[in-house]
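data01.tsv, holding TSV, C-alpha atoms:
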chain	number	residue	atom	x	y	z
D	100	ALA	CA	63.77	95.60	111.25
D	101	GLN	CA	67.02	93.70	111.26
D	102	SER	CA	70.60	94.87	111.46
D	103	VAL	CA	74.03	93.37	110.90
D	104	THR	CA	77.24	94.24	112.70
D	105	GLN	CA	80.63	93.29	111.35
D	106	LEU	CA	82.92	94.02	114.21
D	107	ASP	CA	86.14	94.40	112.23
D	108	SER	CA	86.43	96.84	109.36
D	109	GLN	CA	89.82	95.42	108.42
D	110	VAL	CA	91.56	92.15	109.19
D	111	PRO	CA	95.22	91.59	108.22
D	112	VAL	CA	96.35	87.97	108.13
D	113	PHE	CA	99.48	86.23	106.97
D	114	GLU	CA	99.19	83.85	104.04
D	115	GLU	CA	98.35	80.26	105.04
D	116	ALA	CA	97.16	81.37	108.47
D	117	PRO	CA	93.58	80.81	109.64
D	118	VAL	CA	91.09	83.65	109.70
D	119	GLU	CA	87.74	84.42	111.29
D	120	LEU	CA	85.54	87.30	110.19
D	121	ARG	CA	82.91	88.15	112.75
D	122	CYS	CA	79.26	88.88	112.11
D	123	ASN	CA	76.46	89.49	114.57
D	124	TYR	CA	72.89	90.24	113.71
D	125	SER	CA	69.78	91.59	115.37
D	126	SER	CA	66.25	90.66	114.41
D	127	SER	CA	62.89	90.15	116.08
D	128	VAL	CA	62.09	87.32	113.67
D	129	SER	CA	63.96	84.37	112.24
D	130	VAL	CA	66.43	85.31	109.56
D	131	TYR	CA	68.40	83.77	106.76
D	132	LEU	CA	72.12	84.52	106.73
D	133	PHE	CA	74.59	85.04	103.92
D	134	TRP	CA	78.23	85.84	103.33
D	135	TYR	CA	79.28	87.56	100.12
D	136	VAL	CA	82.70	88.47	98.76
D	137	GLN	CA	83.38	91.54	96.65
D	138	TYR	CA	86.51	92.07	94.60
D	139	PRO	CA	87.44	95.65	93.57
D	140	ASN	CA	84.93	97.27	91.24
D	141	GLN	CA	82.89	94.11	90.97
D	142	GLY	CA	79.55	92.86	92.19
D	143	LEU	CA	79.03	90.39	94.96
D	144	GLN	CA	79.64	86.67	94.86
D	145	LEU	CA	77.84	84.37	97.25
D	146	LEU	CA	80.24	82.46	99.51
D	147	LEU	CA	77.70	80.57	101.56
D	148	LYS	CA	74.26	80.77	103.08
D	149	TYR	CA	72.31	79.49	106.04
D	150	LEU	CA	68.64	78.92	105.38
D	151	SER	CA	67.88	76.02	107.75
D	152	GLY	CA	69.26	72.69	108.94
D	153	SER	CA	72.85	72.15	110.01
D	154	THR	CA	74.31	75.20	111.68
D	155	LEU	CA	77.73	74.60	110.15
D	156	VAL	CA	77.65	75.71	106.57
D	157	LYS	CA	80.37	75.07	104.02
D	158	GLY	CA	80.80	77.36	101.09
D	159	ILE	CA	83.07	77.97	98.14
D	160	ASN	CA	86.81	78.63	98.22
D	161	GLY	CA	87.25	76.69	101.47
D	162	PHE	CA	85.15	79.01	103.60
D	163	GLU	CA	82.70	77.90	106.25
D	164	ALA	CA	80.45	79.62	108.76
D	165	GLU	CA	78.57	78.59	111.85
D	166	PHE	CA	75.17	79.88	112.79
D	167	ASN	CA	74.82	80.43	116.53
D	168	LYS	CA	71.29	81.42	117.39
D	169	SER	CA	71.91	82.05	121.08
D	170	GLN	CA	74.76	84.43	120.31
D	171	THR	CA	73.07	85.77	117.14
D	172	SER	CA	76.30	85.26	115.28
D	173	PHE	CA	77.36	83.91	111.90
D	174	HIS	CA	81.15	84.08	111.85
D	175	LEU	CA	83.05	83.20	108.70
D	176	ARG	CA	86.18	81.06	108.88
D	177	LYS	CA	88.88	79.67	106.66
D	178	PRO	CA	91.66	77.40	107.98
D	179	SER	CA	94.32	78.65	105.56
D	180	VAL	CA	94.09	81.80	103.50
D	181	HIS	CA	95.69	82.69	100.17
D	182	ILE	CA	96.70	85.97	98.59
D	183	SER	CA	93.69	85.62	96.28
D	184	ASP	CA	91.35	85.84	99.27
D	185	THR	CA	92.13	89.53	99.62
D	186	ALA	CA	88.75	91.20	99.17
D	187	GLU	CA	85.83	92.80	100.96
D	188	TYR	CA	83.51	90.42	102.77
D	189	PHE	CA	79.92	91.24	103.58
D	190	CYS	CA	77.61	89.50	105.98
D	191	ALA	CA	73.91	89.89	105.19
D	192	VAL	CA	70.54	88.86	106.51
D	193	SER	CA	67.07	88.60	105.08
D	194	VAL	CA	63.72	87.73	106.50
D	195	GLY	CA	62.33	86.24	103.35
D	196	GLY	CA	65.33	84.14	102.38
D	197	GLY	CA	65.86	86.16	99.25
D	198	ALA	CA	62.31	87.19	98.60
D	199	ASP	CA	63.12	90.51	100.18
D	200	GLY	CA	66.17	92.66	99.86
D	201	LEU	CA	69.20	91.99	101.97
D	202	THR	CA	70.44	93.99	104.93
D	203	PHE	CA	74.20	94.17	104.79
D	204	GLY	CA	76.87	94.73	107.36
D	205	LYS	CA	79.49	97.39	106.68
D	206	GLY	CA	81.94	94.87	105.38
D	207	THR	CA	85.34	93.56	106.46
D	208	HIS	CA	88.37	94.11	104.33
D	209	LEU	CA	90.51	90.98	104.48
D	210	ILE	CA	94.14	91.73	103.76
D	211	ILE	CA	96.44	88.79	103.15
D	212	GLN	CA	100.08	89.48	103.83
D	213	PRO	CA	102.81	87.33	102.24
P	132	GLY	CA	74.00	79.39	85.64
P	133	ALA	CA	72.13	82.25	87.31
P	134	VAL	CA	74.04	85.06	85.65
P	135	VAL	CA	73.03	88.68	86.12
P	136	SER	CA	74.38	91.17	83.64
P	137	GLN	CA	74.57	94.86	84.40
P	138	HIS	CA	75.21	97.50	81.76
P	139	PRO	CA	77.06	99.74	81.52
P	140	SER	CA	79.85	98.78	83.90
P	141	TRP	CA	80.85	102.40	84.18
P	142	VAL	CA	79.50	105.72	82.97
P	143	ILE	CA	80.50	109.35	83.22
P	144	CYS	CA	77.85	111.97	82.68
P	145	LYS	CA	77.43	115.68	83.06
P	146	SER	CA	75.41	117.21	85.84
P	147	GLY	CA	71.77	117.59	84.87
P	148	THR	CA	71.65	114.70	82.43
P	149	SER	CA	69.94	111.34	82.95
P	150	VAL	CA	71.56	107.94	82.97
P	151	LYS	CA	69.93	104.55	82.47
P	152	ILE	CA	71.39	101.38	83.98
P	153	GLU	CA	70.20	97.96	82.86
P	154	CYS	CA	70.03	94.78	84.89
P	155	ARG	CA	69.36	91.54	83.03
P	156	SER	CA	68.99	87.99	84.22
P	157	LEU	CA	70.58	86.03	81.38
P	158	ASP	CA	69.54	82.46	82.04
P	159	PHE	CA	66.62	82.67	84.42
P	160	GLN	CA	63.47	84.61	85.03
P	161	ALA	CA	63.40	87.15	87.81
P	162	THR	CA	60.06	88.44	88.98
P	163	THR	CA	61.84	90.48	91.60
P	164	MET	CA	65.01	92.50	91.30
P	165	PHE	CA	66.68	94.79	93.80
P	166	TRP	CA	68.74	97.92	93.37
P	167	TYR	CA	71.51	98.82	95.79
P	168	ARG	CA	73.84	101.75	96.12
P	169	GLN	CA	77.33	101.54	97.51
P	170	PHE	CA	79.45	104.52	98.49
P	171	PRO	CA	83.25	104.13	98.55
P	172	LYS	CA	84.42	101.79	101.28
P	173	GLN	CA	80.90	101.40	102.61
P	174	SER	CA	78.24	98.78	102.59
P	175	LEU	CA	75.41	98.27	100.14
P	176	MET	CA	72.20	100.10	100.87
P	177	LEU	CA	68.96	98.81	99.43
P	178	MET	CA	67.33	101.51	97.33
P	179	ALA	CA	64.28	99.77	95.94
P	180	THR	CA	62.58	96.51	95.12
P	181	SER	CA	61.56	96.11	91.52
P	182	ASN	CA	58.66	93.78	90.66
P	183	GLU	CA	57.83	92.80	87.12
P	184	GLY	CA	54.70	94.51	85.89
P	185	SER	CA	54.15	96.69	88.93
P	186	LYS	CA	55.53	99.77	90.60
P	187	ALA	CA	58.77	99.58	92.46
P	188	THR	CA	58.87	99.79	96.23
P	189	TYR	CA	61.36	102.36	97.45
P	190	GLU	CA	63.21	102.38	100.74
P	191	GLN	CA	62.77	105.28	103.09
P	192	GLY	CA	64.76	108.29	102.01
P	193	VAL	CA	65.13	107.26	98.36
P	194	GLU	CA	63.54	109.71	95.93
P	195	LYS	CA	61.36	107.74	93.55
P	196	ASP	CA	61.15	110.62	91.08
P	197	LYS	CA	64.89	110.80	90.89
P	198	PHE	CA	65.59	107.09	90.66
P	199	LEU	CA	63.10	105.73	88.16
P	200	ILE	CA	62.76	101.97	88.05
P	201	ASN	CA	61.10	100.01	85.30
P	202	HIS	CA	60.72	96.22	85.33
P	203	ALA	CA	58.93	95.58	82.06
P	204	SER	CA	59.89	91.96	81.56
P	205	LEU	CA	60.90	88.93	83.60
P	206	THR	CA	64.54	89.39	82.65
P	207	LEU	CA	65.10	93.13	82.63
P	208	SER	CA	64.94	95.94	85.16
P	209	THR	CA	66.25	99.43	84.52
P	210	LEU	CA	67.27	102.19	86.89
P	211	THR	CA	67.30	105.72	85.50
P	212	VAL	CA	69.05	108.40	87.49
P	213	THR	CA	67.31	111.58	86.41
P	214	SER	CA	68.92	115.00	86.48
P	215	ALA	CA	72.06	113.53	87.94
P	216	HIS	CA	74.25	115.56	90.29
P	217	PRO	CA	77.75	114.90	91.62
P	218	GLU	CA	76.32	113.57	94.88
P	219	ASP	CA	74.67	110.78	92.85
P	220	SER	CA	78.10	109.46	91.95
P	221	SER	CA	78.25	105.98	93.37
P	222	PHE	CA	78.43	102.29	92.62
P	223	TYR	CA	75.02	100.88	91.76
P	224	ILE	CA	74.45	97.13	91.99
P	225	CYS	CA	71.41	95.11	91.08
P	226	SER	CA	70.41	91.66	92.21
P	227	ALA	CA	67.78	89.26	91.00
P	228	LYS	CA	65.72	86.60	92.66
P	229	ARG	CA	65.07	83.48	90.65
P	230	THR	CA	61.33	83.10	90.07
P	231	GLY	CA	59.79	80.04	91.65
P	232	TRP	CA	62.86	79.06	93.63
P	233	GLY	CA	61.44	79.95	97.04
P	234	ASN	CA	64.16	80.85	99.47
P	235	SER	CA	66.94	81.16	96.94
P	236	PRO	CA	69.92	83.44	97.35
P	237	LEU	CA	70.09	86.55	95.28
P	238	HIS	CA	72.34	86.78	92.26
P	239	PHE	CA	74.21	90.02	91.83
P	240	GLY	CA	75.33	91.95	88.81
P	241	ASN	CA	78.86	93.31	88.59
P	242	GLY	CA	77.75	96.83	89.31
P	243	THR	CA	77.81	100.18	87.51
P	244	ARG	CA	80.22	102.91	88.52
P	245	LEU	CA	78.46	106.26	87.94
P	246	THR	CA	80.50	109.45	87.97
P	247	VAL	CA	78.67	112.74	87.58
P	248	THR	CA	80.87	115.70	86.67
What would you get if you wrote out this structure as structure tokens?
Amino acid sequence: AQSVTQLDSQVPVFEEAPVELRCNYSSSVSVYLFWYVQYPNQGLQLLLKYLSGSTLVKGINGFEAEFNKSQTSFHLRKPSVHISDTAEYFCAVSVGGGADGLTFGKGTHLIIQP
Amino acid sequence: GAVVSQHPSWVICKSGTSVKIECRSLDFQATTMFWYRQFPKQSLMLMATSNEGSKATYEQGVEKDKFLINHASLTLSTLTVTSAHPEDSSFYICSAKRTGWGNSPLHFGNGTRLTVT
């Protein structure tokens, strides 16, 4: 079985400042990694994914993440945040790359302060 | 593309009644769909995997007789919460895997807020 740990339940950041949301995973097999964003009372939107290849993955809305196999991490970063980035962010893993259900972390609430 | 529609977006029902939630892939076929449950300020927990034309696979601890799943076509899966109780109140989200796309990311619906009174 695999598990995902998001170390910060809440991250407050000033607008236009950089941000990093941390994600670590545990698995006995190779995994695929995802970051999703959830706005209030909505479903999830895929930000980016790592399936294979380059460990630095660029996603939508200016986000990027780096897969670090030795540290079993997949931290999400953005160089300059906006008020509209306020949302819940979920890191997730799967073994089948989408063929199986996802295992989610508990989420990180990103709060952008003006 | 790859839109997943969930209906209804919210529903209030009385204790003891049953509620059906639909999950449709609008512009692609989905052999496999997944149902998740999300409690307030918590993560999503996988409830079951729904496969077109076969029985759903439930995660440990999920009552299959209470949460009935039907995946009768390549674009529609339904989740029926039978004899609902207040503790079933939650946010239910479905996701769909695009058939034939190998390791493709899952596409999520916008969720259904269920409140049982």
Inset, instruction - Give the residues of chain D that lie within 12 Å of chain P; count all atoms listed in the file, and format the answer as number ranges by chain. - result: D: 102-105, 108-109, 130-151, 186-208
Inset, instruction - Show which residues sit within 8 Å of P:Cys144, as number ranges by chain. Count only C-alpha atoms, and ignore same-chain residues fewer than 6 positions away. - result: P: 150, 215, 245-248
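Nearest to P:Asp196 of all the residues P:Ser208, P:Ser156, P:Ser214, P:Ser221 is P:Ser214, based on only C-alpha atoms.
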Legend entry - Point-to-point distance in Å for atom CA of P:His216 and atom CA of P:Thr148: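 Between atom CA of P:Thr148 and atom CA of P:His216 the gap is 8.3 Å.
The coordinates place atom CA of D:Lys157 at 15.7 Å from atom CA of D:Ser172.
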Inset, instruction - Please indicate the distance in Å from atom CA of P:Val134 to atom CA of P:Lys186, rounded to one decimal place. - result: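 Spanning atom CA of P:Val134 to atom CA of P:Lys186 is a straight-line distance of 24.2 Å.
With only C-alpha atoms as the atoms that count, the minimum distance from P:Phe198 to the choices P:Ser185, P:Ser149, P:Pro217, P:Leu157 is reached by P:Ser149.
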Inset, instruction - Can you work out which one of P:Asn182, P:Gln169, P:Thr213, P:Asn201 has the shortest atom-to-atom distance to P:Glu153, counting only C-alpha atoms? - result: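 Once distances to P:Glu153 are computed over only C-alpha atoms, the minimum belongs to P:Asn201.
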Inset, instruction - Select all residues near (79.1, 80.1, 112.7) (cut-off 8 Å, inclusive, file coordinates), counting all atoms listed in the file, and output them as a PyMOL selection string. - result: chain D and resi 154-156+163-167+172-175
Legend entry - Expected answer as number ranges by chain: all residues with atoms within 10 Å of (80.2, 87.7, 121.8), only C-alpha atoms: D: 121-123, 170-172
